[in-house]
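Okay, structure first, notes after.
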Amino acid sequence: MSEISTLGKPTGRSRYRRYLSAFMGGVAAVAAVIACFALLSVLVYLVIEGIGSIGLATFTDGPVPEGLPGGGLRNGIVGTLILMSIASVIGLPIGILGGVYQLETNTTFSRTLRFFTDVMNSIPSIVMGIFAYLIVVLPVAEMYPGHAFSAFAGGVALGFLMIPTVMRTTEEILRLVPIALRDASLALGARRWRTTWSVILPAARGGVVTGILLALARIAGETAPLLFTAFGNLDFNARLDRPIDALPLNIFNYATSPYESLHHLALAGAIILLAIILVLSLAARYALRGQVME
């Protein structure tokens with residue numbers, strides 16, 4: 001009995017580990033509180049300063065000459081939705097198929113592609129804007145002078161930004177699908193492409209959509225690529241071959257303006273931009289309720 005009681009007593013080393021674990025847990029909790037406080041501070045500031053500038057005219061009116069009261073963000077809201085749609089059409093198919101390819105193959109090329117995908121995730125967005133400017137804007141300017149900047153060019157830049165995020169998240173989510181599902185499908189005689197399309201992707205649908213939302217959240221607030229491609233437009237425009245406005249451009253231009261009314265309009269635009277991402281996230285959660293993988 002004496003030996004058992006001796007073994008049950010905490011030693012100095014075990015007490016040190018317990019104290020260290022409690023200390024590090026406290027540090028992690030403090031860091032989480034600081035991060036949440038910083039986020040809440042930004043949100044509270046935006047709501048207090050910008051909520052008063054949001055009204056019906058914010059969504060229905062276009063910009064007015066600087067110095068005059070009034071004006072809205074109609075052009076920027078419509079332009080942002082158009083640019084995100086173009087980017088999704090370009091980035092989502094390439095990103096999802098690229099993620100599937102990286103999962104299904106283990107060659108030198110696929111490993112090299114995975115490495116460059118990780119590198120692309122770290123590239124500043126302005127570099128992608130310059131790239132889109134070189135491959136889209138300049139060639140169009142040479143063939144059709146006066147039609148260089150366009151909504152299509154802005155969508156291409158944002159679509160390229162989406163591709164690496166969607167590829168990596170798709171690959172990692174597909175790896176989480178139980179291998180038994182794949183083996184069962186192959187054992188029943190299904191081909192690999194049929195297994196991936198009908199078994200693996202549906203099982204990981206929730207995670208893939210989450211990766212898509214992360215990519216959309218990244219591109220929704222990008223400003224630098226649009227300065228080289230979409231350029232902005234004071235007039236309402238929904239054509240893909242003309243310059244187009246966007247909420248990030250409105251926020252950038254209005255926030256740097258000397259007029260106080262435009263400062264409040266910039267804060268209103270930031271709130272609307274956050275609301276767009278929130279609506280997308282809630283819609284995805286609602287559509288994917290009951291899925292095994294989130």
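Going by the structure tokens order, chains are called A, B, ..., each with residues numbered from 1, while ligands are numbered from 1 in the order shown.
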
I'd like a table as JSON lines: residues in stretch 159-232 of chain A with an atom no more than 10 Å from stretch 70-91 of chain A, each row giving the shortest atom pair and its distance in Å to one decimal, only C-alpha atoms counted, sorted by chain and rising residue number.
{"residue": "A:Gly159", "atom": "CA", "partner": "A:Ala87", "partner_atom": "CA", "distance": 3.9}
{"residue": "A:Phe160", "atom": "CA", "partner": "A:Gly91", "partner_atom": "CA", "distance": 6.2}
{"residue": "A:Leu161", "atom": "CA", "partner": "A:Gly91", "partner_atom": "CA", "distance": 7.8}
{"residue": "A:Met162", "atom": "CA", "partner": "A:Gly91", "partner_atom": "CA", "distance": 5.4}
{"residue": "A:Ile163", "atom": "CA", "partner": "A:Gly91", "partner_atom": "CA", "distance": 5.0}
{"residue": "A:Pro164", "atom": "CA", "partner": "A:Gly91", "partner_atom": "CA", "distance": 8.8}
{"residue": "A:Thr165", "atom": "CA", "partner": "A:Gly91", "partner_atom": "CA", "distance": 9.5}
{"residue": "A:Val166", "atom": "CA", "partner": "A:Gly91", "partner_atom": "CA", "distance": 7.9}
{"residue": "A:Met167", "atom": "CA", "partner": "A:Gly91", "partner_atom": "CA", "distance": 9.4}
{"residue": "A:Ile212", "atom": "CA", "partner": "A:Ser88", "partner_atom": "CA", "distance": 8.8}
{"residue": "A:Ala215", "atom": "CA", "partner": "A:Gly91", "partner_atom": "CA", "distance": 9.2}
{"residue": "A:Leu216", "atom": "CA", "partner": "A:Met84", "partner_atom": "CA", "distance": 7.2}
{"residue": "A:Ala217", "atom": "CA", "partner": "A:Met84", "partner_atom": "CA", "distance": 9.9}
{"residue": "A:Ile219", "atom": "CA", "partner": "A:Met84", "partner_atom": "CA", "distance": 7.6}
{"residue": "A:Ala220", "atom": "CA", "partner": "A:Met84", "partner_atom": "CA", "distance": 7.0}
{"residue": "A:Gly221", "atom": "CA", "partner": "A:Thr80", "partner_atom": "CA", "distance": 9.1}
{"residue": "A:Leu226", "atom": "CA", "partner": "A:Leu83", "partner_atom": "CA", "distance": 9.6}
{"residue": "A:Ala230", "atom": "CA", "partner": "A:Leu83", "partner_atom": "CA", "distance": 8.8}
{"residue": "A:Gly232", "atom": "CA", "partner": "A:Gly76", "partner_atom": "CA", "distance": 8.6}

From the list A:Val100, A:Ala270, A:Ile179, A:Ile123, which residue is nearest A:Val208 when using only C-alpha atoms?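 Of A:Val100, A:Ala270, A:Ile179, A:Ile123, the one nearest A:Val208 is A:Val100, counting only C-alpha atoms.
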
Would you please work out which residue, of A:Pro225, A:Gly67, A:Gly206, A:Gly50, is nearest to A:Val127 when using only C-alpha atoms?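 Using only C-alpha atoms, A:Val127 sits closest to A:Pro225.
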
Kindly give the distance, in Å, that separates atom CA of A:Ala266 and atom CA of A:Gly129, rounded to a single decimal.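 Computed distance, atom CA of A:Ala266 to atom CA of A:Gly129, equals 22.6 Å.
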
How would you write, as an MDAnalysis selection string, the set of residues in stretch 3-159 of chain A that DSSP gives as alpha helix (DSSP H)? chainID A and resid 3:8 12:50 56:60 74:104 108:121 125:132 138:143 151:159

From the set A:Gly211, A:Gly25, A:Pro178, A:Pro124, which residue has the shortest atom-to-atom contact distance to A:Ala157, counting only C-alpha atoms?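 For A:Ala157, the nearest of the given residues is A:Pro124.
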
Can you work out which one of A:Leu213, A:Ala151, A:Ile96, A:Ala22 has the shortest atom-to-atom distance to A:Asn237, counting only C-alpha atoms?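 Of A:Leu213, A:Ala151, A:Ile96, A:Ala22, the one nearest A:Asn237, counting only C-alpha atoms, is A:Ala151.
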
Between A:Ala35, A:Val209, A:Leu227, A:Ile200, which residue has the minimum interatomic distance to A:Leu249, considering only C-alpha atoms?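 So, comparing all the options, the nearest one is A:Leu227.
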
Out of A:Leu68, A:Leu267, A:Ile244, A:Ala31, which residue has the shortest atom-to-atom distance to A:Ala148 when counting only C-alpha atoms?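 Closest residue, counting only C-alpha atoms: A:Ile244.
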
Kindly give the distance, in Å, that separates atom CA of A:Leu240 and atom CA of A:Thr210, rounded to a single decimal.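 Distance reported for this atom pair: 27.9 Å.
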